[in-house]
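J.: Please find my_file_12.cif (mmCIF, C-alpha atoms and all ligand atoms) on the next line:
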```cif
data_data
#
loop_
_atom_site.group_PDB
_atom_site.id
_atom_site.type_symbol
_atom_site.label_atom_id
_atom_site.label_comp_id
_atom_site.auth_asym_id
_atom_site.auth_seq_id
_atom_site.Cartn_x
_atom_site.Cartn_y
_atom_site.Cartn_z
ATOM 1 C CA MET D 1 -18.301 -10.719 0.824
ATOM 2 C CA ASN D 2 -18.289 -13.390 3.460
ATOM 3 C CA ASP D 3 -15.475 -15.546 2.255
ATOM 4 C CA PRO D 4 -11.782 -14.711 2.458
ATOM 5 C CA GLU D 5 -11.151 -15.418 -1.232
ATOM 6 C CA THR D 6 -13.597 -12.657 -2.222
ATOM 7 C CA TRP D 7 -11.702 -10.338 0.089
ATOM 8 C CA ARG D 8 -8.390 -11.425 -1.384
ATOM 9 C CA GLN D 9 -9.689 -10.587 -4.856
ATOM 10 C CA GLN D 10 -10.892 -7.196 -3.674
ATOM 11 C CA LEU D 11 -7.578 -6.419 -2.061
ATOM 12 C CA ARG D 12 -5.759 -7.271 -5.292
ATOM 13 C CA GLU D 13 -7.896 -5.101 -7.518
ATOM 14 C CA PRO D 14 -7.387 -3.408 -9.808
ATOM 15 C CA ASP D 15 -3.658 -3.692 -10.426
ATOM 16 C CA GLY D 16 -2.089 -3.630 -7.028
ATOM 17 C CA ALA D 17 -1.748 0.140 -7.094
ATOM 18 C CA ALA D 18 -2.364 1.943 -3.830
ATOM 19 C CA ALA D 19 -5.020 4.319 -5.113
ATOM 20 C CA LEU D 20 -6.136 7.128 -2.852
ATOM 21 C CA PRO D 21 -9.508 6.086 -1.402
ATOM 22 C CA PRO D 22 -12.289 8.647 -1.944
ATOM 23 C CA ASP D 23 -13.007 8.879 1.790
ATOM 24 C CA ILE D 24 -9.648 10.276 2.841
ATOM 25 C CA ASP D 25 -9.017 13.952 3.381
ATOM 26 C CA ILE D 26 -5.332 14.703 2.886
ATOM 27 C CA THR D 27 -5.719 18.224 4.248
ATOM 28 C CA VAL D 28 -6.373 16.844 7.736
ATOM 29 C CA PRO D 29 -3.423 15.142 9.472
ATOM 30 C CA SER D 30 -3.850 11.485 10.394
ATOM 31 C CA VAL D 31 -2.065 9.491 13.097
ATOM 32 C CA ALA D 32 -1.123 6.755 10.619
ATOM 33 C CA ARG D 33 0.412 9.205 8.120
ATOM 34 C CA MET D 34 2.205 11.268 10.779
ATOM 35 C CA TYR D 35 3.697 8.072 12.182
ATOM 36 C CA ASP D 36 4.741 7.059 8.685
ATOM 37 C CA TYR D 37 6.482 10.431 8.274
ATOM 38 C CA ALA D 38 8.195 10.062 11.670
ATOM 39 C CA LEU D 39 9.592 6.707 10.535
ATOM 40 C CA GLY D 40 10.867 8.110 7.250
ATOM 41 C CA GLY D 41 8.078 6.578 5.111
ATOM 42 C CA LYS D 42 6.622 8.035 1.918
ATOM 43 C CA THR D 43 2.895 7.705 2.546
ATOM 44 C CA ASN D 44 2.222 11.115 4.012
ATOM 45 C CA PHE D 45 1.056 14.535 2.871
ATOM 46 C CA GLU D 46 1.801 18.184 3.617
ATOM 47 C CA ALA D 47 -0.753 18.375 6.450
ATOM 48 C CA ASP D 48 0.798 15.331 8.163
ATOM 49 C CA ARG D 49 4.343 16.665 7.817
ATOM 50 C CA GLN D 50 3.327 20.090 9.119
ATOM 51 C CA ALA D 51 1.532 18.525 12.079
ATOM 52 C CA LEU D 52 4.498 16.372 13.090
ATOM 53 C CA ASP D 53 7.041 19.139 12.496
ATOM 54 C CA GLY D 54 4.879 21.467 14.621
ATOM 55 C CA LEU D 55 4.653 18.888 17.397
ATOM 56 C CA ASN D 56 8.399 18.297 17.290
ATOM 57 C CA LYS D 57 9.002 22.024 17.476
ATOM 58 C CA GLU D 58 6.779 22.475 20.539
ATOM 59 C CA ILE D 59 8.139 19.340 22.238
ATOM 60 C CA PRO D 60 11.684 18.977 20.874
ATOM 61 C CA GLY D 61 12.632 15.456 19.875
ATOM 62 C CA VAL D 62 9.265 13.902 20.774
ATOM 63 C CA ALA D 63 9.085 12.087 17.413
ATOM 64 C CA ALA D 64 11.726 9.732 18.825
ATOM 65 C CA LEU D 65 8.794 8.011 20.526
ATOM 66 C CA ALA D 66 7.807 6.705 17.087
ATOM 67 C CA THR D 67 11.165 5.063 16.418
ATOM 68 C CA ASP D 68 11.363 3.702 19.965
ATOM 69 C CA ASN D 69 7.895 2.221 19.508
ATOM 70 C CA ARG D 70 8.823 0.680 16.179
ATOM 71 C CA GLU D 71 11.946 -0.884 17.687
ATOM 72 C CA PHE D 72 9.814 -2.387 20.450
ATOM 73 C CA LEU D 73 7.458 -3.817 17.819
ATOM 74 C CA ARG D 74 10.377 -5.417 15.986
ATOM 75 C CA ARG D 75 11.801 -7.031 19.119
ATOM 76 C CA GLY D 76 8.334 -8.123 20.249
ATOM 77 C CA VAL D 77 7.417 -9.823 16.983
ATOM 78 C CA ARG D 78 10.823 -11.506 16.821
ATOM 79 C CA PHE D 79 10.230 -12.846 20.307
ATOM 80 C CA LEU D 80 6.714 -14.071 19.450
ATOM 81 C CA VAL D 81 7.808 -15.977 16.358
ATOM 82 C CA ALA D 82 11.379 -17.043 17.115
ATOM 83 C CA GLU D 83 11.046 -17.772 20.834
ATOM 84 C CA ALA D 84 7.358 -18.269 21.674
ATOM 85 C CA GLY D 85 6.582 -20.278 18.522
ATOM 86 C CA ILE D 86 3.591 -18.131 17.480
ATOM 87 C CA ARG D 87 2.436 -18.710 13.894
ATOM 88 C CA GLN D 88 -0.706 -16.521 13.760
ATOM 89 C CA ILE D 89 -0.818 -12.790 14.464
ATOM 90 C CA ILE D 90 -3.593 -10.173 14.590
ATOM 91 C CA ASP D 91 -1.890 -6.772 14.396
ATOM 92 C CA VAL D 92 -4.392 -4.098 15.430
ATOM 93 C CA GLY D 93 -3.484 -0.503 14.571
ATOM 94 C CA SER D 94 -0.955 -1.871 12.127
ATOM 95 C CA GLY D 95 -0.189 1.472 10.486
ATOM 96 C CA LEU D 96 0.902 2.178 6.934
ATOM 97 C CA PRO D 97 3.367 -0.199 5.369
ATOM 98 C CA THR D 98 6.855 1.069 5.999
ATOM 99 C CA ALA D 99 10.176 -0.541 6.765
ATOM 100 C CA GLY D 100 9.935 -3.604 9.006
ATOM 101 C CA ASN D 101 6.265 -4.502 8.937
ATOM 102 C CA VAL D 102 5.092 -7.273 11.222
ATOM 103 C CA HIS D 103 4.823 -9.800 8.385
ATOM 104 C CA ASP D 104 8.348 -8.910 7.165
ATOM 105 C CA ILE D 105 9.782 -9.558 10.623
ATOM 106 C CA ALA D 106 7.770 -12.763 11.071
ATOM 107 C CA HIS D 107 8.457 -14.121 7.566
ATOM 108 C CA ALA D 108 12.192 -13.600 7.928
ATOM 109 C CA ILE D 109 11.918 -16.295 10.606
ATOM 110 C CA ASP D 110 9.133 -18.435 9.117
ATOM 111 C CA PRO D 111 7.384 -17.532 5.835
ATOM 112 C CA GLY D 112 4.380 -19.590 6.942
ATOM 113 C CA VAL D 113 3.325 -17.177 9.709
ATOM 114 C CA ARG D 114 -0.185 -15.845 9.025
ATOM 115 C CA VAL D 115 -0.888 -12.182 9.736
ATOM 116 C CA VAL D 116 -4.122 -10.182 9.740
ATOM 117 C CA TYR D 117 -3.501 -6.431 9.749
ATOM 118 C CA VAL D 118 -6.253 -4.236 11.181
ATOM 119 C CA ASP D 119 -6.460 -0.448 11.008
ATOM 120 C CA ASN D 120 -9.281 2.102 10.863
ATOM 121 C CA ASP D 121 -7.419 4.355 8.425
ATOM 122 C CA PRO D 122 -8.725 3.723 4.873
ATOM 123 C CA LEU D 123 -5.291 4.428 3.409
ATOM 124 C CA VAL D 124 -3.875 1.412 5.244
ATOM 125 C CA LEU D 125 -6.382 -0.831 3.466
ATOM 126 C CA ALA D 126 -5.576 0.775 0.120
ATOM 127 C CA HIS D 127 -1.883 0.107 0.614
ATOM 128 C CA GLY D 128 -2.701 -3.471 1.495
ATOM 129 C CA HIS D 129 -3.717 -3.845 -2.183
ATOM 130 C CA ALA D 130 -0.223 -3.015 -3.313
ATOM 131 C CA LEU D 131 1.845 -4.559 -0.585
ATOM 132 C CA LEU D 132 0.092 -7.861 -0.163
ATOM 133 C CA ALA D 133 -1.010 -8.632 -3.712
ATOM 134 C CA ASP D 134 1.105 -11.787 -3.920
ATOM 135 C CA ASN D 135 1.037 -12.731 -0.314
ATOM 136 C CA ASP D 136 -1.244 -15.592 0.708
ATOM 137 C CA THR D 137 -0.309 -15.485 4.359
ATOM 138 C CA THR D 138 -1.036 -11.820 5.084
ATOM 139 C CA LEU D 139 -4.264 -9.840 4.723
ATOM 140 C CA VAL D 140 -5.494 -6.440 5.837
ATOM 141 C CA ILE D 141 -8.917 -5.366 7.050
ATOM 142 C CA GLN D 142 -10.380 -2.010 7.946
ATOM 143 C CA ALA D 143 -11.959 -2.139 11.390
ATOM 144 C CA ASP D 144 -12.084 -0.224 14.641
ATOM 145 C CA ALA D 145 -9.993 -1.425 17.560
ATOM 146 C CA ALA D 146 -12.808 -0.353 19.866
ATOM 147 C CA ASP D 147 -14.849 -3.252 18.460
ATOM 148 C CA PRO D 148 -12.743 -6.386 19.043
ATOM 149 C CA ALA D 149 -15.709 -8.680 18.306
ATOM 150 C CA ALA D 150 -15.916 -7.281 14.759
ATOM 151 C CA ILE D 151 -12.197 -7.989 14.273
ATOM 152 C CA LEU D 152 -12.383 -11.544 15.599
ATOM 153 C CA ASP D 153 -15.593 -12.309 13.693
ATOM 154 C CA HIS D 154 -14.437 -10.741 10.444
ATOM 155 C CA PRO D 155 -14.520 -13.251 7.552
ATOM 156 C CA VAL D 156 -10.884 -12.510 6.698
ATOM 157 C CA THR D 157 -9.748 -13.207 10.269
ATOM 158 C CA ARG D 158 -11.859 -16.368 10.346
ATOM 159 C CA GLY D 159 -10.677 -17.477 6.940
ATOM 160 C CA LEU D 160 -6.962 -16.932 7.450
ATOM 161 C CA LEU D 161 -6.516 -17.843 11.119
ATOM 162 C CA ASP D 162 -7.569 -20.738 13.312
ATOM 163 C CA LEU D 163 -8.714 -18.910 16.439
ATOM 164 C CA GLY D 164 -8.963 -22.215 18.295
ATOM 165 C CA GLN D 165 -5.159 -22.409 18.204
ATOM 166 C CA PRO D 166 -2.793 -20.003 19.980
ATOM 167 C CA TYR D 167 -2.184 -16.664 18.307
ATOM 168 C CA ALA D 168 -0.794 -13.264 19.221
ATOM 169 C CA VAL D 169 -2.757 -10.043 19.425
ATOM 170 C CA VAL D 170 -0.439 -7.110 18.772
ATOM 171 C CA LEU D 171 -1.632 -3.747 20.118
ATOM 172 C CA VAL D 172 1.579 -1.801 19.683
ATOM 173 C CA GLY D 173 1.268 1.983 19.756
ATOM 174 C CA LEU D 174 -2.512 1.724 19.614
ATOM 175 C CA LEU D 175 -4.519 1.926 22.841
ATOM 176 C CA HIS D 176 -3.597 5.567 23.590
ATOM 177 C CA TRP D 177 -5.531 6.571 20.461
ATOM 178 C CA LEU D 178 -8.715 5.201 22.058
ATOM 179 C CA SER D 179 -10.711 7.535 24.313
ATOM 180 C CA ASP D 180 -11.822 6.516 27.804
ATOM 181 C CA GLU D 181 -15.314 6.080 26.345
ATOM 182 C CA GLN D 182 -13.914 3.563 23.869
ATOM 183 C CA ASP D 183 -12.728 1.624 26.923
ATOM 184 C CA PRO D 184 -9.207 0.367 26.160
ATOM 185 C CA VAL D 185 -9.298 -1.878 29.270
ATOM 186 C CA GLY D 186 -12.522 -3.456 27.962
ATOM 187 C CA VAL D 187 -10.881 -3.966 24.561
ATOM 188 C CA THR D 188 -7.903 -5.836 26.025
ATOM 189 C CA THR D 189 -10.192 -7.826 28.335
ATOM 190 C CA TYR D 190 -12.219 -8.960 25.345
ATOM 191 C CA PHE D 191 -9.153 -10.088 23.412
ATOM 192 C CA ARG D 192 -7.658 -11.840 26.460
ATOM 193 C CA GLU D 193 -10.840 -13.684 27.354
ATOM 194 C CA TYR D 194 -11.392 -14.808 23.781
ATOM 195 C CA MET D 195 -7.893 -16.137 23.074
ATOM 196 C CA PRO D 196 -7.053 -19.781 23.797
ATOM 197 C CA ALA D 197 -4.373 -20.746 26.322
ATOM 198 C CA GLY D 198 -0.870 -20.311 24.944
ATOM 199 C CA SER D 199 -1.823 -17.085 23.111
ATOM 200 C CA TYR D 200 0.030 -13.810 23.641
ATOM 201 C CA LEU D 201 -0.735 -10.107 23.941
ATOM 202 C CA LEU D 202 2.025 -7.708 22.906
ATOM 203 C CA ALA D 203 1.387 -4.030 23.675
ATOM 204 C CA SER D 204 3.102 -0.671 24.009
ATOM 205 C CA ASN D 205 1.413 2.421 25.376
ATOM 206 C CA LEU D 206 2.071 6.078 26.045
ATOM 207 C CA LEU D 207 2.729 6.539 29.755
ATOM 208 C CA ASP D 208 1.553 9.420 31.895
ATOM 209 C CA ASP D 209 4.748 10.020 33.833
ATOM 210 C CA GLU D 210 3.425 13.408 34.959
ATOM 211 C CA LEU D 211 6.241 15.479 33.485
ATOM 212 C CA LEU D 212 5.484 16.539 29.935
ATOM 213 C CA ALA D 213 2.528 14.203 29.387
ATOM 214 C CA ARG D 214 -0.146 16.943 29.610
ATOM 215 C CA ASP D 215 1.824 19.190 27.219
ATOM 216 C CA ILE D 216 2.215 16.422 24.640
ATOM 217 C CA GLU D 217 -1.460 15.448 24.990
ATOM 218 C CA TYR D 218 -2.460 19.058 24.449
ATOM 219 C CA GLU D 219 -0.296 19.335 21.326
ATOM 220 C CA LEU D 220 -1.667 16.027 19.983
ATOM 221 C CA LEU D 221 -5.230 17.058 20.687
ATOM 222 C CA LYS D 222 -4.702 20.311 18.798
ATOM 223 C CA ARG D 223 -3.288 18.487 15.774
ATOM 224 C CA VAL D 224 -5.035 15.102 15.548
ATOM 225 C CA GLY D 225 -7.793 15.294 18.157
ATOM 226 C CA VAL D 226 -6.741 12.118 19.985
ATOM 227 C CA GLY D 227 -3.984 10.766 22.230
ATOM 228 C CA THR D 228 -4.182 9.901 25.938
ATOM 229 C CA PHE D 229 -1.234 9.211 28.191
ATOM 230 C CA ARG D 230 -2.329 6.741 30.884
ATOM 231 C CA PRO D 231 -0.740 5.661 34.177
ATOM 232 C CA TRP D 232 1.153 2.426 34.956
ATOM 233 C CA GLU D 233 -1.857 1.087 36.829
ATOM 234 C CA GLN D 234 -3.970 1.088 33.666
ATOM 235 C CA HIS D 235 -1.176 -0.395 31.557
ATOM 236 C CA ARG D 236 -1.013 -3.290 34.059
ATOM 237 C CA LYS D 237 -4.748 -3.887 33.642
ATOM 238 C CA TYR D 238 -4.222 -4.522 29.941
ATOM 239 C CA PHE D 239 -2.271 -7.668 30.894
ATOM 240 C CA ASP D 240 -4.526 -8.868 33.758
ATOM 241 C CA GLY D 241 -4.424 -12.632 34.160
ATOM 242 C CA LEU D 242 -1.566 -13.124 31.711
ATOM 243 C CA ASP D 243 1.912 -14.393 32.600
ATOM 244 C CA LEU D 244 4.231 -11.535 31.732
ATOM 245 C CA VAL D 245 7.260 -12.525 29.710
ATOM 246 C CA PRO D 246 10.501 -11.303 31.401
ATOM 247 C CA PRO D 247 11.380 -8.516 32.035
ATOM 248 C CA GLY D 248 7.661 -7.785 32.526
ATOM 249 C CA LEU D 249 5.891 -4.514 31.840
ATOM 250 C CA VAL D 250 8.690 -1.944 31.611
ATOM 251 C CA TYR D 251 9.717 1.117 29.610
ATOM 252 C CA ALA D 252 9.561 -0.086 26.027
ATOM 253 C CA ASN D 253 13.224 0.813 25.508
ATOM 254 C CA ASP D 254 14.144 -1.583 28.338
ATOM 255 C CA TRP D 255 12.143 -4.556 27.021
ATOM 256 C CA ARG D 256 14.451 -7.333 25.829
ATOM 257 C CA THR D 257 16.952 -4.866 24.449
ATOM 258 C CA ASP D 258 19.318 -6.121 21.806
ATOM 259 C CA GLY D 259 21.682 -3.185 21.504
ATOM 260 C CA THR D 260 20.183 -1.920 18.246
ATOM 261 C CA ARG D 261 18.385 1.200 19.541
ATOM 262 C CA PRO D 262 19.367 4.156 17.352
ATOM 263 C CA GLU D 263 21.774 6.442 19.164
ATOM 264 C CA HIS D 264 19.979 9.037 21.253
ATOM 265 C CA ASP D 265 20.768 12.680 20.460
ATOM 266 C CA PRO D 266 22.152 14.026 23.780
ATOM 267 C CA THR D 267 21.023 17.571 22.940
ATOM 268 C CA LEU D 268 17.362 16.462 23.080
ATOM 269 C CA PRO D 269 15.287 15.101 25.973
ATOM 270 C CA ASP D 270 15.002 11.314 26.178
ATOM 271 C CA TYR D 271 11.360 10.210 26.038
ATOM 272 C CA THR D 272 12.014 6.688 27.337
ATOM 273 C CA THR D 273 9.797 7.234 30.384
ATOM 274 C CA TYR D 274 6.756 8.002 28.202
ATOM 275 C CA LEU D 275 6.324 4.573 26.592
ATOM 276 C CA THR D 276 5.795 1.179 28.218
ATOM 277 C CA GLY D 277 6.026 -2.202 26.573
ATOM 278 C CA GLY D 278 5.082 -5.676 27.631
ATOM 279 C CA CYS D 279 4.119 -9.120 26.450
ATOM 280 C CA GLY D 280 1.905 -11.608 28.277
ATOM 281 C CA ARG D 281 1.017 -15.259 27.723
ATOM 282 C CA LYS D 282 -2.395 -16.672 28.538
ATOM 283 C CA PRO D 283 -1.867 -19.602 30.920
HETATM 284 C C1 LIG O 301 1.342 4.906 15.841
HETATM 285 S S1 LIG O 301 0.633 3.872 14.659
HETATM 286 C C2 LIG O 301 1.306 2.293 15.165
HETATM 287 C C3 LIG O 301 1.634 1.385 14.000
HETATM 288 C C4 LIG O 301 2.257 0.050 14.377
HETATM 289 N N1 LIG O 301 1.402 -0.711 15.262
HETATM 290 C C5 LIG O 301 3.594 0.232 15.017
HETATM 291 O O1 LIG O 301 3.677 0.086 16.235
HETATM 292 O O2 LIG O 301 4.573 0.509 14.320
HETATM 293 C C6 LIG O 301 -1.026 3.757 15.246
HETATM 294 C C7 LIG O 301 -2.006 3.171 14.246
HETATM 295 O O3 LIG O 301 -3.236 2.898 14.923
HETATM 296 C C8 LIG O 301 -4.289 3.238 14.060
HETATM 297 N N2 LIG O 301 -5.492 3.484 14.857
HETATM 298 C C9 LIG O 301 -5.755 4.536 15.665
HETATM 299 N N3 LIG O 301 -6.966 4.400 16.227
HETATM 300 C C10 LIG O 301 -7.475 3.236 15.773
HETATM 301 C C11 LIG O 301 -8.715 2.553 15.986
HETATM 302 N N4 LIG O 301 -9.660 3.046 16.785
HETATM 303 N N5 LIG O 301 -8.909 1.384 15.337
HETATM 304 C C12 LIG O 301 -7.956 0.869 14.514
HETATM 305 N N6 LIG O 301 -6.775 1.478 14.266
HETATM 306 C C13 LIG O 301 -6.535 2.642 14.894
HETATM 307 C C14 LIG O 301 -3.815 4.456 13.305
HETATM 308 O O4 LIG O 301 -4.514 4.637 12.089
HETATM 309 C C15 LIG O 301 -2.349 4.115 13.095
HETATM 310 O O5 LIG O 301 -2.145 3.460 11.874
#
```
Would you give me this structure, written as structure tokens?
Ligand SMILES: C[S@@+](CC[C@H](N)C(=O)[O-])C[C@H]1O[C@@H](n2cnc3c(N)ncnc32)[C@H](O)[C@@H]1O
T.:
Amino acid sequence: MNDPETWRQQLREPDGAAALPPDIDITVPSVARMYDYALGGKTNFEADRQALDGLNKEIPGVAALATDNREFLRRGVRFLVAEAGIRQIIDVGSGLPTAGNVHDIAHAIDPGVRVVYVDNDPLVLAHGHALLADNDTTLVIQADAADPAAILDHPVTRGLLDLGQPYAVVLVGLLHWLSDEQDPVGVTTYFREYMPAGSYLLASNLLDDELLARDIEYELLKRVGVGTFRPWEQHRKYFDGLDLVPPGLVYANDWRTDGTRPEHDPTLPDYTTYLTGGCGRKP
């Protein structure tokens, strides 16, 4: 189990099909599958669709946060590869494969970029079988973001990446799923301290802007049991000691915009002030 080739074989078995793992319960909504549904993906079930539709009904238009987040991810990864010259990426909380995965964005610029996907949802690993069967530069592992040491020490991470050279840690749309006890500041501190100079952290996070945040949290808690909107001050801590890439830590929709944001429906509230985005470089 300890060498990456064994893992590659496992991920390719048996025929690349994304079988349903025995340990998933499709009657209980999952964050990964609800997000997939919000983005128009196909890897979701009735419980996930009902949960997101219910959330959207209580908080009209809130699912736009998913597309805004995904757009931030796309711009962030483009920046990392095309402008910052990053060639190794650890994408934690990678989500289910849908349009515009991190490796798709990176490989459109340089097919040699190596990507390790990390998620705690077993279905993400199962879909890695299908998606990455013929891909030698991209692998997926199942691990918990609350345990960064396990991610960095994982044989797949060690086998595919050279952690002595600069890399990017992508925590996009992830840290708000960790509880205070799981210590998201501690998680980012661990990643930052471990990475060599010239590495980057790219992150987006749900922001407690004190308007609807409590209502959305309550609705999320009811449906998926997790989700914490945190204040600017905490978001800044995630990037402590890093040089923030311009324009700094801002609303995700304002980060290096390129005019491609889907048109906002004027009949619905705009949730721009509920999501921050930023990217920092370790000096
Ligand atoms: C909203 S999706 C974000 C997907 C992708 N990063 C993006 O921005 O498009 C959040 C993902 O984080 C995963 N996740 C939540 N808690 C996690 C944890 N403790 N460890 C690892 N992954 C986690 C979920 O399973 C889900 O796939």
J.: Evaluate the PyMOL selection byres (((chain D and resi 225) around 12) and not hetatm) on the structure here and hand back the selected residues as a tab-separated table (two decimals) with C-alpha atoms, in the frame of the given file.
T.:
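As written to disk, expr.tsv reads:
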```
chain	number	residue	atom	x	y	z
D	28	VAL	CA	-6.37	16.84	7.74
D	29	PRO	CA	-3.42	15.14	9.47
D	30	SER	CA	-3.85	11.48	10.39
D	31	VAL	CA	-2.06	9.49	13.10
D	51	ALA	CA	1.53	18.52	12.08
D	176	HIS	CA	-3.60	5.57	23.59
D	177	TRP	CA	-5.53	6.57	20.46
D	178	LEU	CA	-8.72	5.20	22.06
D	179	SER	CA	-10.71	7.54	24.31
D	216	ILE	CA	2.22	16.42	24.64
D	217	GLU	CA	-1.46	15.45	24.99
D	218	TYR	CA	-2.46	19.06	24.45
D	219	GLU	CA	-0.30	19.34	21.33
D	220	LEU	CA	-1.67	16.03	19.98
D	221	LEU	CA	-5.23	17.06	20.69
D	222	LYS	CA	-4.70	20.31	18.80
D	223	ARG	CA	-3.29	18.49	15.77
D	224	VAL	CA	-5.04	15.10	15.55
D	226	VAL	CA	-6.74	12.12	19.98
D	227	GLY	CA	-3.98	10.77	22.23
D	228	THR	CA	-4.18	9.90	25.94
```
J.: Atom CA of D:Leu161 and atom CA of D:Asp91, how far apart in Å?
T.: 12.4 Å
J.: Report as a ChimeraX atom specification the residues that result from applying the PyMOL selection byres (((not hetatm)) within 9 of (chain O and resi 301)) to the structure here.
T.: /D:30-36,39,66-67,69-74,91-98,100-102,118-124,142-147,170-179,182,203-204,226
J.: Please determine, counting all atoms listed in the file, which residue among D:Val156, D:Val245, D:Ala82, D:Leu132 has the shortest atom-to-atom distance to D:Asp110.
T.: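 The answer is D:Ala82, which sits nearest to D:Asp110.
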J.: Which residues are close to D:Arg75, i.e. within 12 Å by only C-alpha atoms, leaving aside same-chain residues fewer than 6 positions away? Reply as a compact mmCIF listing (two decimals) with C-alpha atoms, in the frame of the given file.
T.:
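out-v6.txt was written with the following content:
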```txt
# COMPACT_ATOMS: atom_id res chain seq x y z
CA ASP D 68 11.36 3.70 19.96
CA ASN D 69 7.90 2.22 19.51
CA VAL D 81 7.81 -15.98 16.36
CA ALA D 82 11.38 -17.04 17.11
CA GLU D 83 11.05 -17.77 20.83
CA GLY D 100 9.94 -3.60 9.01
CA ASN D 101 6.26 -4.50 8.94
CA VAL D 102 5.09 -7.27 11.22
CA ILE D 105 9.78 -9.56 10.62
CA ALA D 106 7.77 -12.76 11.07
CA VAL D 172 1.58 -1.80 19.68
CA LEU D 202 2.02 -7.71 22.91
CA ALA D 203 1.39 -4.03 23.68
CA SER D 204 3.10 -0.67 24.01
CA ALA D 252 9.56 -0.09 26.03
CA ASN D 253 13.22 0.81 25.51
CA ASP D 254 14.14 -1.58 28.34
CA TRP D 255 12.14 -4.56 27.02
CA ARG D 256 14.45 -7.33 25.83
CA THR D 257 16.95 -4.87 24.45
CA ASP D 258 19.32 -6.12 21.81
CA GLY D 259 21.68 -3.18 21.50
CA THR D 260 20.18 -1.92 18.25
CA ARG D 261 18.39 1.20 19.54
CA GLY D 277 6.03 -2.20 26.57
CA GLY D 278 5.08 -5.68 27.63
CA CYS D 279 4.12 -9.12 26.45
```
J.: If we count only C-alpha atoms and set the cut-off at 9 Å, which residues sit around D:Gly61, ignoring sequence neighbours fewer than 4 positions away in its own chain? Please answer as a list of chain:residue names.
T.: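 Neighbouring residues, sequence-local ones excluded: D:Asn56, D:Lys57, D:Leu65, D:Asp265, D:Leu268, D:Pro269, D:Asp270, D:Tyr271.
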J.: With all atoms of stretch 49-62 of chain D from the file as input, state the centre and edge lengths in Å to one decimal of the axis-aligned box that has 5 Å extra on each side, as AutoDock Vina command-line options.
T.:
```
--center_x 7.1 --center_y 18.2 --center_z 15.0 --size_x 21.1 --size_y 18.6 --size_z 24.4
```
J.: Name the residues that the PyMOL selection byres (((chain D and resi 86) around 8) and not hetatm) pulls out of this structure, and write them as number ranges by chain.
T.: D: 80-82, 84-85, 87-89, 113, 166-168, 199
J.: Just want the 10 Å neighbourhood of D:Pro196, counted on all atoms listed in the file, with same-chain residues fewer than 2 positions away dropped. Output as number ranges by chain.
T.: D: 163-167, 191-194, 198-200, 282-283
J.: May I have the residues at most 9 Å from (5.2, 16.1, 8.6) in the file's coordinates, counting only C-alpha atoms, as a list in words?
T.: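 I get Pro29, Arg33, Met34, Tyr35, Tyr37, Ala38, Asn44, Phe45, Glu46, Ala47, Asp48, Arg49, Gln50, Ala51, Leu52, Asp53 and Gly54 of chain D for the residues within 9 Å of that point.
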J.: Restricting the calculation to only C-alpha atoms: of D:Gly76, D:Arg158, D:Tyr238, D:Leu201, which residue gets closest to D:Leu139?
T.: D:Arg158
J.: Which residue, D:Ile109, D:Ile90, D:Val185, D:Leu212, has the smallest gap to D:Lys237 when you use all atoms listed in the file?
T.: D:Val185
J.: Nearest to D:Ile151 among D:Arg236, D:Pro111, D:Val187, D:Leu125, with distances taken over all atoms listed in the file: which residue is it?
T.: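 So, comparing all the options, the nearest one is D:Val187.
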J.: Ranking D:Ala63, D:Val250, D:Met195, D:Leu244 by minimum distance to D:Ala149 and counting all atoms listed in the file, which one comes first?
T.: D:Met195
J.: Restore N, CA and C atoms in stretch 80-88 of chain D and list the result as a short mmCIF file (atom, residue, chain, number, x, y, z; two decimals), in the coordinates of the input.
T.:
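part-v4.cif was written with the following content:
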```cif
data_model
loop_
_atom_site.label_atom_id
_atom_site.label_comp_id
_atom_site.auth_asym_id
_atom_site.auth_seq_id
_atom_site.Cartn_x
_atom_site.Cartn_y
_atom_site.Cartn_z
N LEU D 80 7.92 -13.25 19.61
CA LEU D 80 6.71 -14.07 19.45
C LEU D 80 6.96 -15.23 18.50
N VAL D 81 7.65 -14.95 17.40
CA VAL D 81 7.81 -15.98 16.36
C VAL D 81 9.01 -16.87 16.66
N ALA D 82 10.15 -16.25 16.97
CA ALA D 82 11.38 -17.04 17.11
C ALA D 82 11.44 -17.77 18.45
N GLU D 83 10.89 -17.14 19.51
CA GLU D 83 11.05 -17.77 20.83
C GLU D 83 9.76 -18.40 21.35
N ALA D 84 8.61 -17.75 21.11
CA ALA D 84 7.36 -18.27 21.67
C ALA D 84 6.67 -19.24 20.71
N GLY D 85 7.14 -19.32 19.47
CA GLY D 85 6.58 -20.28 18.52
C GLY D 85 5.24 -19.89 17.94
N ILE D 86 4.88 -18.60 18.02
CA ILE D 86 3.59 -18.13 17.48
C ILE D 86 3.62 -18.15 15.95
N ARG D 87 2.51 -18.63 15.36
CA ARG D 87 2.44 -18.71 13.89
C ARG D 87 1.22 -17.97 13.34
N GLN D 88 0.45 -17.30 14.21
CA GLN D 88 -0.71 -16.52 13.76
C GLN D 88 -0.71 -15.21 14.55
#
```
